[in-house]
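Participant: First the structure, which I've put down as structure tokens, then a few questions once you've had a look.
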There are 2 protein chains.
Amino acid sequence: MQRPLRVGIAGLGTVGAAVIKLLDRQAEALASRVGRAVIVTGVSARDKTKERGIDLSRFVWFDDPVALARSEEIDLFVELIGGADGTALAGAEQALASGKPVVTANKALLARHGMRLATLAEEMSLALAFEASVAGGIPIVKTLREGLAGNSIERVYGILNGTCNYILSRMETEGLSFEACLAEAQKLGYAEADPTFDIGGFDTAHKLAILASLAFGTAVDPEGISVEGIESISLADLQAADELGYRVKLLGVAQRSADGIEQRVHPSMVPKTSAIAQVMGVTNAVTIDADAVHELTLAGPGAGGEATASAIVADIADIARGVRSAPFGLPVAALTSLPRPPMRLHQGGYYIRLSVEDRPGAAAAIAKRMAEREISLESIVQRRRPGTIASGAVPVILVTYATHEQTVREALDAVVADGYLAAKPQLIRIERE
Amino acid sequence: MQRPLRVGIAGLGTVGAAVIKLLDRQAEALASRVGRAVIVTGVSARDKTKERGIDLSRFVWFDDPVALARSEEIDLFVELIGGADGTALAGAEQALASGKPVVTANKALLARHGMRLATLAEEMSLALAFEASVAGGIPIVKTLREGLAGNSIERVYGILNGTCNYILSRMETEGLSFEACLAEAQKLGYAEADPTFDIGGFDTAHKLAILASLAFGTAVDPEGISVEGIESISLADLQAADELGYRVKLLGVAQRSADGIEQRVHPSMVPKTSAIAQVMGVTNAVTIDADAVHELTLAGPGAGGEATASAIVADIADIARGVRSAPFGLPVAALTSLPRPPMRLHQGGYYIRLSVEDRPGAAAAIAKRMAEREISLESIVQRRRPGTIASGAVPVILVTYATHEQTVREALDAVVADGYLAAKPQLIRIERE
């Protein structure tokens, strides 16, 4: 048996503590699997005295995570500090520069500095592993990088933020407002006091940037991602979706199109019968469309200490066995920068909810504006529902066949200009199965 | 870049041809991923002249797959011959003995000779890879062996046979009989002329033997698996399941219990809200319950040339990158033989459908037999449905809380002995989520 793999862990929050406990609990089985012992030897955190349910006296303590990263006490650096820059980046860079592979759960770090770190890892012939950075315990990074190595991927999309899915699930099943469900999620610890990062779609965008790189062999770059959050989704939308055979989910979608690779985060209507529509609560799921495997869906816990630790320990086990793939599946020089078409070039079906003033000619005017731009409608529903709309206005729901987003936007601008609407139109993209 | 990996393929049916086409199509991307070219150099099949849509003149032809396995023309042997013994086994053994890693999609071979081949691979320090042997394109072998390396697994269960799931799905959605759906499946090529191997649960058992070994670190051994097929499932069962909030699926289940590792294949009632219940048609799915990741579900194509080729090419890619894990996750010597409790020790809920003769005292007698053995009933439904039962008899559906199978069997024997039943009782196990 080889000599033990000595692990250093920087950051002892929920996830860091769970990794230590899991490595303890699985010590024997893991050693048998990978052919060597895996032991934590050094740790670093902000507060040494905090109660974590772990005896830290076994480990060498480092006040400075960067000192841990360069220490002779460890063979592998696990970065669980968080944040896109600062000591997380400094620690990861120091570890790689010191000849130590890096395991991280830090999606923000990878979204911003993934290429820089992958280049350094490649130069040093070291592993940079980040299974835990996307969709928690779901082995989606390994699946894209290794399990689908023979596939040309057409689309990867998923529910990547448990907070948003919890809120949308609760709104749908309990008939509660967005605000009530957000407050509930905050009370349960599923949402932060400032929830913008989650509900605004930015967390999903970071994860999508990583998935898109793995799926399409492109450089990680979150800047060009179109991001919309779930703040504007109302109960009226969920009820209309239900009647039309859809559910509303916040999706991150990366998709090959005629114009490049679309990368977009927005609320989406998904068919109720699709695998992704079944995913409720804080669960995450990712579906991959590819030429050989056709459709593959993975669903599981997207967050939580233990599930995230599961992914981190799998990365550690790969490194212990001597596995080293290119972090993003291809050598950094082979990663391309395919164009990212703007949303106006997106083609798909659209759900449109209008609050139309209840006066003659309104419906005809709307239909005319759609017809002018050759937008075909799959369905039109006009029905008054108590409490869902301002009095004096009638809700009209349109569902279009696939068309260009720009065309739909122009038609809606014309409808607005006609002066029949009592409120801003709601538009939700339909994601085909 | 390293020298090319030269692949030999024995067996050029649908899957073999799909592997050659996929390796052609993905040649450039794959070489970039794994750092070397992957090229097919030698092939073997029964009939050289059969039209496969492939130019075979590029390859060295071998009439004898064993000669291909030992040939200097190849570095890796892909066994797609099929059959548990014969040339499939001889070819795989010859390849390993000649220092060549083996990739196979042959579940029957692995179920019967997995330990023998794994031992040989280990002695020779070679890879033995079989992602395609279970659940087609779903990367379940990699997930269990690598992705969940840090987990202690409690249960792995799934829909592993597309033929059975197609038949059950069609019965449910179309209200057709088992016989009608089987005939349809045969017409569509989803079922063999002799469908026993699929619908009797034996195919699922082979796959389960492999999954159980990976999940629990036990030696592969299909002999001790309890196997029941779907032949006895009637429309009346599917309708009752629907009313009770369940769907009926043929599951393979391997589960840690107080008595060892249960390994069983049988029709199961699964809650309609579970991920596994959503899986319709020929799609496969596997759910894993484990201590750290909690619950993970993978769903995708369980068969088909392209999906199977996807898994085979992923195995080839791993080998090309130099990855070598123990075939069943642990060194062969570390694989244990945990006891397999017989079905009578199984604990769970039960669905029981009785055809009760319509005369006084019947219901009371049945209830008494259950109460005598302290079987708690979650529900009792007695309802006459036109056409579902012999005239003069009344259908009675019982759903029990968790109890021992032996207890339920004894109670049913007593009910039968009481003489109130017009037909053999139907019993379907409920698989909790």
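Labels for the structure tokens follow display order: chains A, B, ..., residues from 1 in each chain, ligands from 1.
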What are the nearest atom pairs, with distances in Å to one decimal, for all residues of chain A that come at most 6 Å from chain B, using only C-alpha atoms, set out by chain and rising residue number as CSV?
Facilitator:
```
residue,atom,partner,partner_atom,distance
A:Arg33,CA,B:Leu330,CA,5.0
A:Gly137,CA,B:Val293,CA,5.5
A:Pro139,CA,B:Gly147,CA,5.7
A:Gly147,CA,B:Ala314,CA,5.5
A:Ala149,CA,B:Ala314,CA,5.3
A:Gly150,CA,B:Val313,CA,5.4
A:Ala292,CA,B:Glu306,CA,4.9
A:Val293,CA,B:Ala307,CA,4.3
A:Glu295,CA,B:Gly300,CA,5.8
A:Leu296,CA,B:Gly300,CA,4.5
A:Thr297,CA,B:Ala299,CA,5.1
A:Leu298,CA,B:Leu298,CA,4.5
A:Ala299,CA,B:Thr297,CA,5.1
A:Gly300,CA,B:Leu296,CA,4.5
A:Glu306,CA,B:Ala292,CA,4.9
A:Ala307,CA,B:Val293,CA,4.2
A:Ser310,CA,B:Ala292,CA,5.6
A:Val313,CA,B:Gly150,CA,5.4
A:Ala314,CA,B:Ala149,CA,5.3
A:Gly329,CA,B:Arg33,CA,5.9
A:Leu330,CA,B:Arg33,CA,5.0
```
Participant: Per DSSP on the backbone, filter stretch 374-413 of chain A down to the residues in alpha helix (DSSP H) and report them as a list of chain:residue names.
Facilitator: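 Matching residues, listed in order: A:Glu405, A:Gln406, A:Thr407, A:Val408, A:Arg409, A:Glu410, A:Ala411, A:Leu412, A:Asp413.
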Participant: Put those residues in a file: N, CA and C atoms, as a PDB file, in the first residue's frame.
Facilitator:
```pdb
ATOM      1  N   GLU A 405     -37.066  35.488 -29.880  1.00  0.00           N
ATOM      2  CA  GLU A 405     -37.395  36.347 -28.743  1.00  0.00           C
ATOM      3  C   GLU A 405     -37.562  37.800 -29.190  1.00  0.00           C
ATOM      4  N   GLN A 406     -36.710  38.236 -30.086  1.00  0.00           N
ATOM      5  CA  GLN A 406     -36.813  39.625 -30.536  1.00  0.00           C
ATOM      6  C   GLN A 406     -38.190  39.912 -31.138  1.00  0.00           C
ATOM      7  N   THR A 407     -38.702  38.961 -31.905  1.00  0.00           N
ATOM      8  CA  THR A 407     -40.010  39.133 -32.531  1.00  0.00           C
ATOM      9  C   THR A 407     -41.100  39.278 -31.473  1.00  0.00           C
ATOM     10  N   VAL A 408     -41.034  38.404 -30.444  1.00  0.00           N
ATOM     11  CA  VAL A 408     -42.025  38.464 -29.370  1.00  0.00           C
ATOM     12  C   VAL A 408     -41.940  39.788 -28.632  1.00  0.00           C
ATOM     13  N   ARG A 409     -40.717  40.220 -28.349  1.00  0.00           N
ATOM     14  CA  ARG A 409     -40.530  41.495 -27.626  1.00  0.00           C
ATOM     15  C   ARG A 409     -41.103  42.667 -28.432  1.00  0.00           C
ATOM     16  N   GLU A 410     -40.857  42.645 -29.726  1.00  0.00           N
ATOM     17  CA  GLU A 410     -41.375  43.729 -30.577  1.00  0.00           C
ATOM     18  C   GLU A 410     -42.903  43.737 -30.585  1.00  0.00           C
ATOM     19  N   ALA A 411     -43.473  42.538 -30.666  1.00  0.00           N
ATOM     20  CA  ALA A 411     -44.938  42.448 -30.667  1.00  0.00           C
ATOM     21  C   ALA A 411     -45.499  42.969 -29.346  1.00  0.00           C
ATOM     22  N   LEU A 412     -44.841  42.606 -28.237  1.00  0.00           N
ATOM     23  CA  LEU A 412     -45.323  43.065 -26.929  1.00  0.00           C
ATOM     24  C   LEU A 412     -45.166  44.582 -26.786  1.00  0.00           C
ATOM     25  N   ASP A 413     -44.071  45.110 -27.318  1.00  0.00           N
ATOM     26  CA  ASP A 413     -43.893  46.575 -27.275  1.00  0.00           C
ATOM     27  C   ASP A 413     -45.048  47.256 -28.007  1.00  0.00           C
TER      28      ASP A 413
END
```
Participant: Taking a cut-off of 12 Å and counting only C-alpha atoms, can you build a table that, for each residue of stretch 240-260 of chain A near stretch 167-189 of chain A, reports the nearest atom pair and how far apart they are in Å (one decimal), sorted by chain then residue number, as a Markdown table?
Facilitator:
```
| residue | atom | partner | partner_atom | distance |
| --- | --- | --- | --- | --- |
| A:Ala240 | CA | A:Glu172 | CA | 10.8 |
| A:Ala241 | CA | A:Glu172 | CA | 9.8 |
| A:Asp242 | CA | A:Glu172 | CA | 8.7 |
| A:Tyr246 | CA | A:Glu172 | CA | 11.3 |
| A:Arg247 | CA | A:Glu172 | CA | 8.5 |
| A:Val248 | CA | A:Leu168 | CA | 7.2 |
| A:Lys249 | CA | A:Leu168 | CA | 6.9 |
| A:Leu250 | CA | A:Leu168 | CA | 8.3 |
| A:Leu251 | CA | A:Leu168 | CA | 11.8 |
```
Participant: I need the residues of stretch 115-165 of chain B that end up classed as strand (DSSP E) by DSSP on the backbone, written out as a ChimeraX atom specification.
Facilitator: /B:128-129,153-159
Participant: Take the residues that were just selected and, keeping N, CA, C and O atoms, output them as a PDB file, in the first residue's frame.
Facilitator:
```
ATOM      1  N   LEU B 128     -10.685  -3.689 -15.993  1.00  0.00           N
ATOM      2  CA  LEU B 128     -11.831  -4.464 -16.484  1.00  0.00           C
ATOM      3  C   LEU B 128     -13.023  -3.524 -16.292  1.00  0.00           C
ATOM      4  O   LEU B 128     -13.410  -3.229 -15.160  1.00  0.00           O
ATOM      5  N   ALA B 129     -13.565  -3.016 -17.389  1.00  0.00           N
ATOM      6  CA  ALA B 129     -14.571  -1.950 -17.296  1.00  0.00           C
ATOM      7  C   ALA B 129     -15.878  -2.418 -17.920  1.00  0.00           C
ATOM      8  O   ALA B 129     -15.874  -3.104 -18.935  1.00  0.00           O
ATOM      9  N   ILE B 153     -23.480   2.909   1.497  1.00  0.00           N
ATOM     10  CA  ILE B 153     -24.749   2.816   0.777  1.00  0.00           C
ATOM     11  C   ILE B 153     -25.728   1.935   1.538  1.00  0.00           C
ATOM     12  O   ILE B 153     -25.361   0.874   2.044  1.00  0.00           O
ATOM     13  N   GLU B 154     -26.948   2.403   1.650  1.00  0.00           N
ATOM     14  CA  GLU B 154     -27.995   1.667   2.364  1.00  0.00           C
ATOM     15  C   GLU B 154     -28.838   0.828   1.414  1.00  0.00           C
ATOM     16  O   GLU B 154     -29.268  -0.266   1.744  1.00  0.00           O
ATOM     17  N   ARG B 155     -29.094   1.414   0.242  1.00  0.00           N
ATOM     18  CA  ARG B 155     -29.974   0.738  -0.707  1.00  0.00           C
ATOM     19  C   ARG B 155     -29.692   1.256  -2.105  1.00  0.00           C
ATOM     20  O   ARG B 155     -29.451   2.440  -2.295  1.00  0.00           O
ATOM     21  N   VAL B 156     -29.700   0.366  -3.056  1.00  0.00           N
ATOM     22  CA  VAL B 156     -29.660   0.775  -4.462  1.00  0.00           C
ATOM     23  C   VAL B 156     -30.793   0.027  -5.135  1.00  0.00           C
ATOM     24  O   VAL B 156     -30.968  -1.171  -4.946  1.00  0.00           O
ATOM     25  N   TYR B 157     -31.622   0.759  -5.874  1.00  0.00           N
ATOM     26  CA  TYR B 157     -32.751   0.094  -6.524  1.00  0.00           C
ATOM     27  C   TYR B 157     -33.091   0.821  -7.810  1.00  0.00           C
ATOM     28  O   TYR B 157     -32.808   2.005  -7.964  1.00  0.00           O
ATOM     29  N   GLY B 158     -33.682   0.073  -8.713  1.00  0.00           N
ATOM     30  CA  GLY B 158     -33.997   0.745  -9.954  1.00  0.00           C
ATOM     31  C   GLY B 158     -34.762  -0.073 -10.941  1.00  0.00           C
ATOM     32  O   GLY B 158     -35.026  -1.265 -10.745  1.00  0.00           O
ATOM     33  N   ILE B 159     -35.124   0.633 -11.992  1.00  0.00           N
ATOM     34  CA  ILE B 159     -35.765   0.051 -13.173  1.00  0.00           C
ATOM     35  C   ILE B 159     -34.637  -0.265 -14.132  1.00  0.00           C
ATOM     36  O   ILE B 159     -34.020   0.630 -14.687  1.00  0.00           O
TER      37      ILE B 159
END
```
Participant: Excluding same-chain residues fewer than 5 positions from B:Phe77, what lies within 7 Å of it counting only C-alpha atoms, as a CSV table (one decimal) with N, CA, C and O atoms, in the first residue's frame?
Facilitator:
```csv
chain,number,residue,atom,x,y,z
B,7,VAL,N,-7.7,-0.2,-30.4
B,7,VAL,CA,-8.9,-0.9,-29.9
B,7,VAL,C,-9.3,-2.1,-30.8
B,7,VAL,O,-9.4,-1.9,-32.0
B,8,GLY,N,-9.5,-3.2,-30.2
B,8,GLY,CA,-10.1,-4.4,-30.9
B,8,GLY,C,-11.5,-4.6,-30.5
B,8,GLY,O,-11.8,-4.6,-29.3
B,9,ILE,N,-12.4,-4.8,-31.4
B,9,ILE,CA,-13.8,-5.0,-31.0
B,9,ILE,C,-14.3,-6.4,-31.5
B,9,ILE,O,-14.2,-6.7,-32.7
B,69,ALA,N,-8.2,-11.1,-29.4
B,69,ALA,CA,-7.8,-10.8,-28.0
B,69,ALA,C,-6.3,-10.9,-27.7
B,69,ALA,O,-5.8,-10.2,-26.9
B,95,ALA,N,-7.6,-11.8,-23.5
B,95,ALA,CA,-7.1,-10.4,-23.5
B,95,ALA,C,-6.3,-10.1,-22.2
B,95,ALA,O,-5.2,-9.6,-22.3
B,100,LYS,N,-3.9,-7.1,-21.9
B,100,LYS,CA,-4.8,-6.0,-22.5
B,100,LYS,C,-6.0,-5.8,-21.6
B,100,LYS,O,-6.7,-6.7,-21.2
B,101,PRO,N,-6.3,-4.5,-21.3
B,101,PRO,CA,-7.5,-4.2,-20.6
B,101,PRO,C,-8.7,-4.6,-21.4
B,101,PRO,O,-8.7,-4.7,-22.6
B,102,VAL,N,-9.8,-4.9,-20.6
B,102,VAL,CA,-11.1,-5.4,-21.3
B,102,VAL,C,-12.2,-4.4,-20.9
B,102,VAL,O,-12.4,-4.0,-19.8
B,103,VAL,N,-13.0,-4.1,-22.0
B,103,VAL,CA,-14.2,-3.4,-21.8
B,103,VAL,C,-15.4,-4.3,-22.3
B,103,VAL,O,-15.3,-4.8,-23.4
```
Participant: Give me the residues within 12 Å of A:Asp55 as a PyMOL selection string, counting only C-alpha atoms and dropping any in the same chain fewer than 5 places off.
Facilitator: chain A and resi 17+20-21+24+40+43+48-50+60-61
Participant: Report, in Å with one decimal, the straight-line distance from atom CA of B:Arg256 to atom CA of B:Thr218.
Facilitator: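 Atom-to-atom, atom CA of B:Arg256 and atom CA of B:Thr218 are spaced 11.6 Å apart.
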Participant: Within 6 Å of stretch 259-265 of chain A, counting only C-alpha atoms, which residues qualify if same-chain residues fewer than 3 places away don't, as a list in words?
Facilitator: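 Counting only the stated atoms, we get Ile225, Ser226, Val227, Glu228, Leu251, Gly252, Val253, Ala254, Gln255, Arg256, Leu338, Pro339, Arg340 and Pro341 of chain A.
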Participant: Distance atom CA of A:Pro425-atom CA of A:Gly162, one decimal place?
Facilitator: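 Going from atom CA of A:Pro425 over to atom CA of A:Gly162, I get 27.3 Å.
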